[in-house]
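Q: Please find one structure pasted underneath; my questions will follow.
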Amino acid sequence: MKKILAIISIACIIAFILSCNNSTSSNEETNSNKPSADTELDAYISKIKAVDNHAHPNTIDPNDKGSDALPLDGLGAIELPARVRPESQTWIDASRALYGFKGDALNEDAMKVLMDTIEHVKKQKGDAFPNWVLDQANIEVMFGNRITIGSGFSAPRFRWVSYVDALLFPLSTKAEAAVTPDREKLFPMEDQLLKKYLSDLNISKLPATLDEYLKQVVTATLEAQKKGGCIAVKFEAAYLRSLDFEKTAQEQASEVYTHYINGGEPSHEKYKLLQDFIFYYIAREAGRLGMAVHIHSYPGAGNYFVAAGCDPLLLEPVFNDSELRNTKFVIIHGGGTFAKHTSAMLWKPNVYADISLLTQLWTPEQLALVLRDWLSQFPEKILFGTDAVAFGPGLGWEMSAWIASTTGRQALNIALSGMIRDNEISLSRAKEIATMVMRTNAGNLYNLELK
Ligand SMILES: [Zn+2]
């Protein structure tokens, strides 16, 4: 999920206010219909200091430039699931918890007061604001998926996850961009990011051969990211193409590169050969450098998103490649509605899944169903995550971090309590699994020095 500031703009805030003036909200499960679950386990889970595998924190600068590689602002008004729409009860719960909001609805006046309060808190906290946000959601470490890590995000509480899709597209992306209206808007951003990567390396022109490109641009960028503290690289490829990366011979890929590097439009088939080759190269290099590979797998966002292209099953040849077994892959957002396919991929020794974004879009009950399937099979492969992101004025990343943290813990409690009830696990094993998901699985995967 991406930064959606412009999508939920003033018009939406008005819709928000109007809908909040109605007597009831459609989504009140967070406070009125709390799932019945083991209270001891509930208390235990709420105290676990989490490691958040995936989030998009912003600096306090309203013009935070280094955040998202593919902000969805430019895509216009996109469909959003009910639970993250501005009228959802979850935002009211978050504003109560974080800013002491007292009312039952965020009407126009209340919204003004809330936004003033937010400004005041940001000013007062300054660069300590991000750490304060983590404390509110009981998150010890947050992985910030950003172009640059930015001020206020220092280790050990914030760790950096970079973006690497731009490296897949050294040739003209005109034909790739023409596939959907969304891609038309997104590809130019990748072109810009590749230019930034080149300029960071003091390279003014793309090298003439693929071999030089791989060494001088791809490896050099990955090594610089590693040196900058990066613990994982992120592919948002599903926004740009299908995840069906196939193993390609370097010769074939080289031919395409050399032929089109000085101009011309490669066909999709030819360009795919090159992209696929570079993907395997990046995955191998990430493994060599000790960085995990994060891959977006969720059927959205965007009104022209190609859902079939984000199915984690498409990644099976990558996961089965014996040359990539030193690389750890994380299916970000757990495949969403393809969660059963994710479950099938967890058999691979180097594949993990996180629950980021699901902790915002799904109710605790919905998420618990998926968690129960995964946790009964591969409890050491599942990672907590928020996908904390700014949804618009007054609905910042700090609010979605809190919502996701609360929802994730509720879902975990429901899933594990069900397993206890069915004599699948004991209470002490449930506590163990909860700690693994919220914290120690990530600690082991990324070699974090958690106390
Ligand atoms: Zn995200």
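By order of appearance in the structure tokens: chains A, B, ..., then residues from 1 within every chain, and ligands from 1 in the order shown.
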Quick one: which chain A residues come within 12 Å of ligand 1, and what is the nearest atom pair for each with the distance in Å to one decimal, counting only C-alpha atoms and all ligand atoms, rows ordered by chain and ascending number, as JSON lines?

A:
```
{"residue": "A:Met1", "atom": "CA", "partner": "ligand 1", "partner_atom_place_in_ligand_line": "1 (Zn)", "distance": 4.2}
{"residue": "A:Lys2", "atom": "CA", "partner": "ligand 1", "partner_atom_place_in_ligand_line": "1 (Zn)", "distance": 5.5}
{"residue": "A:Lys3", "atom": "CA", "partner": "ligand 1", "partner_atom_place_in_ligand_line": "1 (Zn)", "distance": 8.3}
{"residue": "A:Ile4", "atom": "CA", "partner": "ligand 1", "partner_atom_place_in_ligand_line": "1 (Zn)", "distance": 11.1}
{"residue": "A:Asp52", "atom": "CA", "partner": "ligand 1", "partner_atom_place_in_ligand_line": "1 (Zn)", "distance": 11.5}
{"residue": "A:Asn53", "atom": "CA", "partner": "ligand 1", "partner_atom_place_in_ligand_line": "1 (Zn)", "distance": 10.0}
{"residue": "A:His54", "atom": "CA", "partner": "ligand 1", "partner_atom_place_in_ligand_line": "1 (Zn)", "distance": 6.3}
{"residue": "A:Ala55", "atom": "CA", "partner": "ligand 1", "partner_atom_place_in_ligand_line": "1 (Zn)", "distance": 5.8}
{"residue": "A:His56", "atom": "CA", "partner": "ligand 1", "partner_atom_place_in_ligand_line": "1 (Zn)", "distance": 6.3}
{"residue": "A:Pro57", "atom": "CA", "partner": "ligand 1", "partner_atom_place_in_ligand_line": "1 (Zn)", "distance": 10.0}
{"residue": "A:Ser67", "atom": "CA", "partner": "ligand 1", "partner_atom_place_in_ligand_line": "1 (Zn)", "distance": 10.9}
{"residue": "A:Asp68", "atom": "CA", "partner": "ligand 1", "partner_atom_place_in_ligand_line": "1 (Zn)", "distance": 8.9}
{"residue": "A:Ala69", "atom": "CA", "partner": "ligand 1", "partner_atom_place_in_ligand_line": "1 (Zn)", "distance": 10.5}
{"residue": "A:Leu70", "atom": "CA", "partner": "ligand 1", "partner_atom_place_in_ligand_line": "1 (Zn)", "distance": 10.0}
{"residue": "A:Pro71", "atom": "CA", "partner": "ligand 1", "partner_atom_place_in_ligand_line": "1 (Zn)", "distance": 10.2}
{"residue": "A:Leu72", "atom": "CA", "partner": "ligand 1", "partner_atom_place_in_ligand_line": "1 (Zn)", "distance": 11.2}
{"residue": "A:Phe143", "atom": "CA", "partner": "ligand 1", "partner_atom_place_in_ligand_line": "1 (Zn)", "distance": 10.5}
{"residue": "A:Gly144", "atom": "CA", "partner": "ligand 1", "partner_atom_place_in_ligand_line": "1 (Zn)", "distance": 9.3}
{"residue": "A:Asn145", "atom": "CA", "partner": "ligand 1", "partner_atom_place_in_ligand_line": "1 (Zn)", "distance": 7.1}
{"residue": "A:Arg146", "atom": "CA", "partner": "ligand 1", "partner_atom_place_in_ligand_line": "1 (Zn)", "distance": 9.6}
{"residue": "A:Val161", "atom": "CA", "partner": "ligand 1", "partner_atom_place_in_ligand_line": "1 (Zn)", "distance": 10.6}
{"residue": "A:Ser162", "atom": "CA", "partner": "ligand 1", "partner_atom_place_in_ligand_line": "1 (Zn)", "distance": 11.5}
{"residue": "A:Tyr163", "atom": "CA", "partner": "ligand 1", "partner_atom_place_in_ligand_line": "1 (Zn)", "distance": 11.0}
{"residue": "A:Lys234", "atom": "CA", "partner": "ligand 1", "partner_atom_place_in_ligand_line": "1 (Zn)", "distance": 9.4}
{"residue": "A:Phe235", "atom": "CA", "partner": "ligand 1", "partner_atom_place_in_ligand_line": "1 (Zn)", "distance": 10.3}
{"residue": "A:Glu236", "atom": "CA", "partner": "ligand 1", "partner_atom_place_in_ligand_line": "1 (Zn)", "distance": 8.7}
{"residue": "A:Tyr239", "atom": "CA", "partner": "ligand 1", "partner_atom_place_in_ligand_line": "1 (Zn)", "distance": 11.8}
{"residue": "A:His294", "atom": "CA", "partner": "ligand 1", "partner_atom_place_in_ligand_line": "1 (Zn)", "distance": 10.2}
{"residue": "A:Ile295", "atom": "CA", "partner": "ligand 1", "partner_atom_place_in_ligand_line": "1 (Zn)", "distance": 9.9}
{"residue": "A:His296", "atom": "CA", "partner": "ligand 1", "partner_atom_place_in_ligand_line": "1 (Zn)", "distance": 7.5}
{"residue": "A:Ser297", "atom": "CA", "partner": "ligand 1", "partner_atom_place_in_ligand_line": "1 (Zn)", "distance": 10.0}
{"residue": "A:Tyr298", "atom": "CA", "partner": "ligand 1", "partner_atom_place_in_ligand_line": "1 (Zn)", "distance": 10.0}
{"residue": "A:Gly300", "atom": "CA", "partner": "ligand 1", "partner_atom_place_in_ligand_line": "1 (Zn)", "distance": 10.9}
{"residue": "A:Ala301", "atom": "CA", "partner": "ligand 1", "partner_atom_place_in_ligand_line": "1 (Zn)", "distance": 10.2}
{"residue": "A:Ile331", "atom": "CA", "partner": "ligand 1", "partner_atom_place_in_ligand_line": "1 (Zn)", "distance": 11.6}
{"residue": "A:Ile332", "atom": "CA", "partner": "ligand 1", "partner_atom_place_in_ligand_line": "1 (Zn)", "distance": 7.9}
{"residue": "A:His333", "atom": "CA", "partner": "ligand 1", "partner_atom_place_in_ligand_line": "1 (Zn)", "distance": 8.1}
{"residue": "A:Gly334", "atom": "CA", "partner": "ligand 1", "partner_atom_place_in_ligand_line": "1 (Zn)", "distance": 11.8}
{"residue": "A:Asp354", "atom": "CA", "partner": "ligand 1", "partner_atom_place_in_ligand_line": "1 (Zn)", "distance": 11.1}
{"residue": "A:Ile355", "atom": "CA", "partner": "ligand 1", "partner_atom_place_in_ligand_line": "1 (Zn)", "distance": 11.0}
{"residue": "A:Ser356", "atom": "CA", "partner": "ligand 1", "partner_atom_place_in_ligand_line": "1 (Zn)", "distance": 7.6}
{"residue": "A:Leu357", "atom": "CA", "partner": "ligand 1", "partner_atom_place_in_ligand_line": "1 (Zn)", "distance": 7.2}
{"residue": "A:Leu358", "atom": "CA", "partner": "ligand 1", "partner_atom_place_in_ligand_line": "1 (Zn)", "distance": 10.8}
{"residue": "A:Thr359", "atom": "CA", "partner": "ligand 1", "partner_atom_place_in_ligand_line": "1 (Zn)", "distance": 11.9}
{"residue": "A:Gln360", "atom": "CA", "partner": "ligand 1", "partner_atom_place_in_ligand_line": "1 (Zn)", "distance": 11.4}
{"residue": "A:Gly385", "atom": "CA", "partner": "ligand 1", "partner_atom_place_in_ligand_line": "1 (Zn)", "distance": 9.6}
{"residue": "A:Thr386", "atom": "CA", "partner": "ligand 1", "partner_atom_place_in_ligand_line": "1 (Zn)", "distance": 8.4}
{"residue": "A:Asp387", "atom": "CA", "partner": "ligand 1", "partner_atom_place_in_ligand_line": "1 (Zn)", "distance": 4.8}
{"residue": "A:Ala388", "atom": "CA", "partner": "ligand 1", "partner_atom_place_in_ligand_line": "1 (Zn)", "distance": 7.5}
{"residue": "A:Val389", "atom": "CA", "partner": "ligand 1", "partner_atom_place_in_ligand_line": "1 (Zn)", "distance": 7.4}
{"residue": "A:Ala390", "atom": "CA", "partner": "ligand 1", "partner_atom_place_in_ligand_line": "1 (Zn)", "distance": 10.8}
{"residue": "A:Trp397", "atom": "CA", "partner": "ligand 1", "partner_atom_place_in_ligand_line": "1 (Zn)", "distance": 11.2}
{"residue": "A:Ser400", "atom": "CA", "partner": "ligand 1", "partner_atom_place_in_ligand_line": "1 (Zn)", "distance": 11.8}
{"residue": "A:Ala401", "atom": "CA", "partner": "ligand 1", "partner_atom_place_in_ligand_line": "1 (Zn)", "distance": 11.8}
```

Q: Excluding A:Val179 and residues on its chain fewer than 2 positions from it, collect all residues at most 12 Å away from it, counting only C-alpha atoms, and give them as an MDAnalysis selection string.

A: chainID A and resid 173:177 181:187 239:242 268 304:306

Q: Limited to C-alpha atoms, could you put the picked residues into a file as a CSV table (one decimal), in the first residue's frame?

A:
```csv
chain,number,residue,atom,x,y,z
A,173,THR,CA,9.6,2.2,-20.4
A,174,LYS,CA,7.1,3.9,-22.9
A,175,ALA,CA,5.6,0.6,-24.1
A,176,GLU,CA,5.5,-0.9,-20.5
A,177,ALA,CA,3.7,2.3,-19.3
A,181,PRO,CA,-3.6,4.1,-17.1
A,182,ASP,CA,-2.0,3.4,-13.6
A,183,ARG,CA,1.3,2.3,-15.1
A,184,GLU,CA,1.3,5.4,-17.3
A,185,LYS,CA,1.6,7.4,-14.1
A,186,LEU,CA,3.9,5.1,-12.2
A,187,PHE,CA,6.6,4.3,-14.7
A,239,TYR,CA,2.3,-2.4,-9.7
A,240,LEU,CA,4.4,-2.5,-12.9
A,241,ARG,CA,4.3,-6.0,-14.3
A,242,SER,CA,3.5,-9.6,-13.4
A,268,HIS,CA,7.3,-6.7,-24.0
A,304,TYR,CA,-6.3,-0.7,-12.9
A,305,PHE,CA,-4.1,-2.9,-10.7
A,306,VAL,CA,-3.6,-6.4,-12.3
```

Q: Could you go through stretch 37-182 of chain A and tell me which residues DSSP, when run on the backbone, assigns to alpha helix (DSSP H), listing them as a count of residues only?

A: 52

Q: At a cut-off of 10 Å, using only C-alpha atoms, what residues contact A:Arg284? Leave out same-chain residues fewer than 2 positions from it and give the result as a PyMOL selection string.

A: chain A and resi 278-282+286-291+293+323-328

Q: Report the closest atom pair, with its distance in Å rounded to one decimal, for each residue of stretch 359-438 of chain A that has an atom no farther than 12 Å from stretch 443-449 of chain A; count only C-alpha atoms, sort by chain and then rising residue number, and write it as JSON lines.

A:
```
{"residue": "A:Glu380", "atom": "CA", "partner": "A:Asn444", "partner_atom": "CA", "distance": 9.5}
{"residue": "A:Lys381", "atom": "CA", "partner": "A:Leu445", "partner_atom": "CA", "distance": 9.0}
{"residue": "A:Ile382", "atom": "CA", "partner": "A:Leu445", "partner_atom": "CA", "distance": 10.5}
{"residue": "A:Leu383", "atom": "CA", "partner": "A:Leu445", "partner_atom": "CA", "distance": 9.6}
{"residue": "A:Phe384", "atom": "CA", "partner": "A:Gly443", "partner_atom": "CA", "distance": 11.4}
{"residue": "A:Thr435", "atom": "CA", "partner": "A:Gly443", "partner_atom": "CA", "distance": 10.7}
{"residue": "A:Met436", "atom": "CA", "partner": "A:Gly443", "partner_atom": "CA", "distance": 8.8}
{"residue": "A:Val437", "atom": "CA", "partner": "A:Gly443", "partner_atom": "CA", "distance": 10.0}
{"residue": "A:Met438", "atom": "CA", "partner": "A:Gly443", "partner_atom": "CA", "distance": 9.7}
```

Q: Based on the selection just made, write N, CA and C atoms of those residues as a PDB file, in the first residue's frame.

A:
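Final file, result-v1.pdb:
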```
ATOM      1  N   GLU A 380       7.140 -20.117  12.559  1.00  0.00           N
ATOM      2  CA  GLU A 380       8.406 -19.381  12.566  1.00  0.00           C
ATOM      3  C   GLU A 380       8.616 -18.539  11.303  1.00  0.00           C
ATOM      4  N   LYS A 381       7.631 -18.583  10.387  1.00  0.00           N
ATOM      5  CA  LYS A 381       7.779 -17.864   9.107  1.00  0.00           C
ATOM      6  C   LYS A 381       6.892 -16.616   9.008  1.00  0.00           C
ATOM      7  N   ILE A 382       6.127 -16.333  10.056  1.00  0.00           N
ATOM      8  CA  ILE A 382       5.138 -15.255   9.960  1.00  0.00           C
ATOM      9  C   ILE A 382       5.599 -14.037  10.761  1.00  0.00           C
ATOM     10  N   LEU A 383       5.505 -12.871  10.131  1.00  0.00           N
ATOM     11  CA  LEU A 383       6.013 -11.646  10.731  1.00  0.00           C
ATOM     12  C   LEU A 383       4.907 -10.605  10.877  1.00  0.00           C
ATOM     13  N   PHE A 384       4.919  -9.934  12.005  1.00  0.00           N
ATOM     14  CA  PHE A 384       3.994  -8.824  12.211  1.00  0.00           C
ATOM     15  C   PHE A 384       4.410  -7.643  11.324  1.00  0.00           C
ATOM     16  N   THR A 435       4.948 -14.264  20.636  1.00  0.00           N
ATOM     17  CA  THR A 435       6.220 -13.527  20.716  1.00  0.00           C
ATOM     18  C   THR A 435       7.015 -13.691  19.423  1.00  0.00           C
ATOM     19  N   MET A 436       6.973 -14.900  18.853  1.00  0.00           N
ATOM     20  CA  MET A 436       7.676 -15.139  17.593  1.00  0.00           C
ATOM     21  C   MET A 436       7.138 -14.228  16.493  1.00  0.00           C
ATOM     22  N   VAL A 437       5.797 -14.203  16.353  1.00  0.00           N
ATOM     23  CA  VAL A 437       5.180 -13.429  15.266  1.00  0.00           C
ATOM     24  C   VAL A 437       5.418 -11.928  15.470  1.00  0.00           C
ATOM     25  N   MET A 438       5.220 -11.471  16.686  1.00  0.00           N
ATOM     26  CA  MET A 438       5.308 -10.031  16.940  1.00  0.00           C
ATOM     27  C   MET A 438       6.746  -9.540  16.933  1.00  0.00           C
TER      28      MET A 438
END
```

Q: Quote the spacing between atom CA of A:Asp422 and atom CA of A:Lys340 in Å to one decimal place.

A: 21.3 Å

Q: From the set A:Leu416, A:Ala208, A:Gly392, A:Trp132, which residue has the shortest atom-to-atom contact distance to A:Pro86, counting only C-alpha atoms?

A: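 Going through A:Leu416, A:Ala208, A:Gly392, A:Trp132 one by one, the smallest distance to A:Pro86 is for A:Gly392.
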
Q: Give me, as a list in words, the residues of stretch 212-339 of chain A that a backbone DSSP run labels strand (DSSP E or B).

A: Cys230, Ile231, Ala232, Val233, Lys234, Phe235, Ala292, Val293, His294, Ile295, His296, Phe329, Val330, Ile331 and Ile332 of chain A

Q: Take the residues from that selection and put them in a file with N, CA and C atoms, as a tab-separated table (two decimals), in the first residue's frame.

A:
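After the write, part.tsv holds the following:
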```
chain	number	residue	atom	x	y	z
A	230	CYS	N	20.74	-0.45	5.12
A	230	CYS	CA	19.57	-1.15	4.59
A	230	CYS	C	19.57	-2.63	5.02
A	231	ILE	N	18.43	-3.11	5.51
A	231	ILE	CA	18.35	-4.52	5.93
A	231	ILE	C	17.60	-5.38	4.92
A	232	ALA	N	16.88	-4.72	4.01
A	232	ALA	CA	16.13	-5.47	2.99
A	232	ALA	C	15.87	-4.54	1.81
A	233	VAL	N	15.68	-5.14	0.63
A	233	VAL	CA	15.30	-4.36	-0.55
A	233	VAL	C	13.87	-4.74	-0.91
A	234	LYS	N	13.14	-3.75	-1.42
A	234	LYS	CA	11.72	-4.00	-1.68
A	234	LYS	C	11.40	-3.88	-3.16
A	235	PHE	N	10.67	-4.89	-3.67
A	235	PHE	CA	10.12	-4.84	-5.02
A	235	PHE	C	8.64	-4.51	-4.96
A	292	ALA	N	17.46	-9.03	2.98
A	292	ALA	CA	16.29	-9.82	2.55
A	292	ALA	C	15.65	-9.16	1.34
A	293	VAL	N	14.82	-9.92	0.62
A	293	VAL	CA	14.09	-9.37	-0.52
A	293	VAL	C	12.60	-9.33	-0.18
A	294	HIS	N	12.04	-8.13	-0.14
A	294	HIS	CA	10.62	-7.93	0.14
A	294	HIS	C	9.87	-7.79	-1.19
A	295	ILE	N	8.75	-8.49	-1.32
A	295	ILE	CA	7.99	-8.40	-2.57
A	295	ILE	C	6.52	-8.10	-2.25
A	296	HIS	N	6.02	-6.98	-2.81
A	296	HIS	CA	4.61	-6.63	-2.62
A	296	HIS	C	3.73	-7.70	-3.25
A	329	PHE	N	13.33	-14.37	1.23
A	329	PHE	CA	12.24	-13.63	0.59
A	329	PHE	C	11.08	-13.44	1.58
A	330	VAL	N	10.51	-12.25	1.58
A	330	VAL	CA	9.34	-12.03	2.41
A	330	VAL	C	8.18	-11.58	1.52
A	331	ILE	N	7.09	-12.35	1.57
A	331	ILE	CA	5.87	-12.00	0.83
A	331	ILE	C	5.16	-10.91	1.64
A	332	ILE	N	5.28	-9.67	1.15
A	332	ILE	CA	4.75	-8.53	1.89
A	332	ILE	C	3.23	-8.44	1.68
```
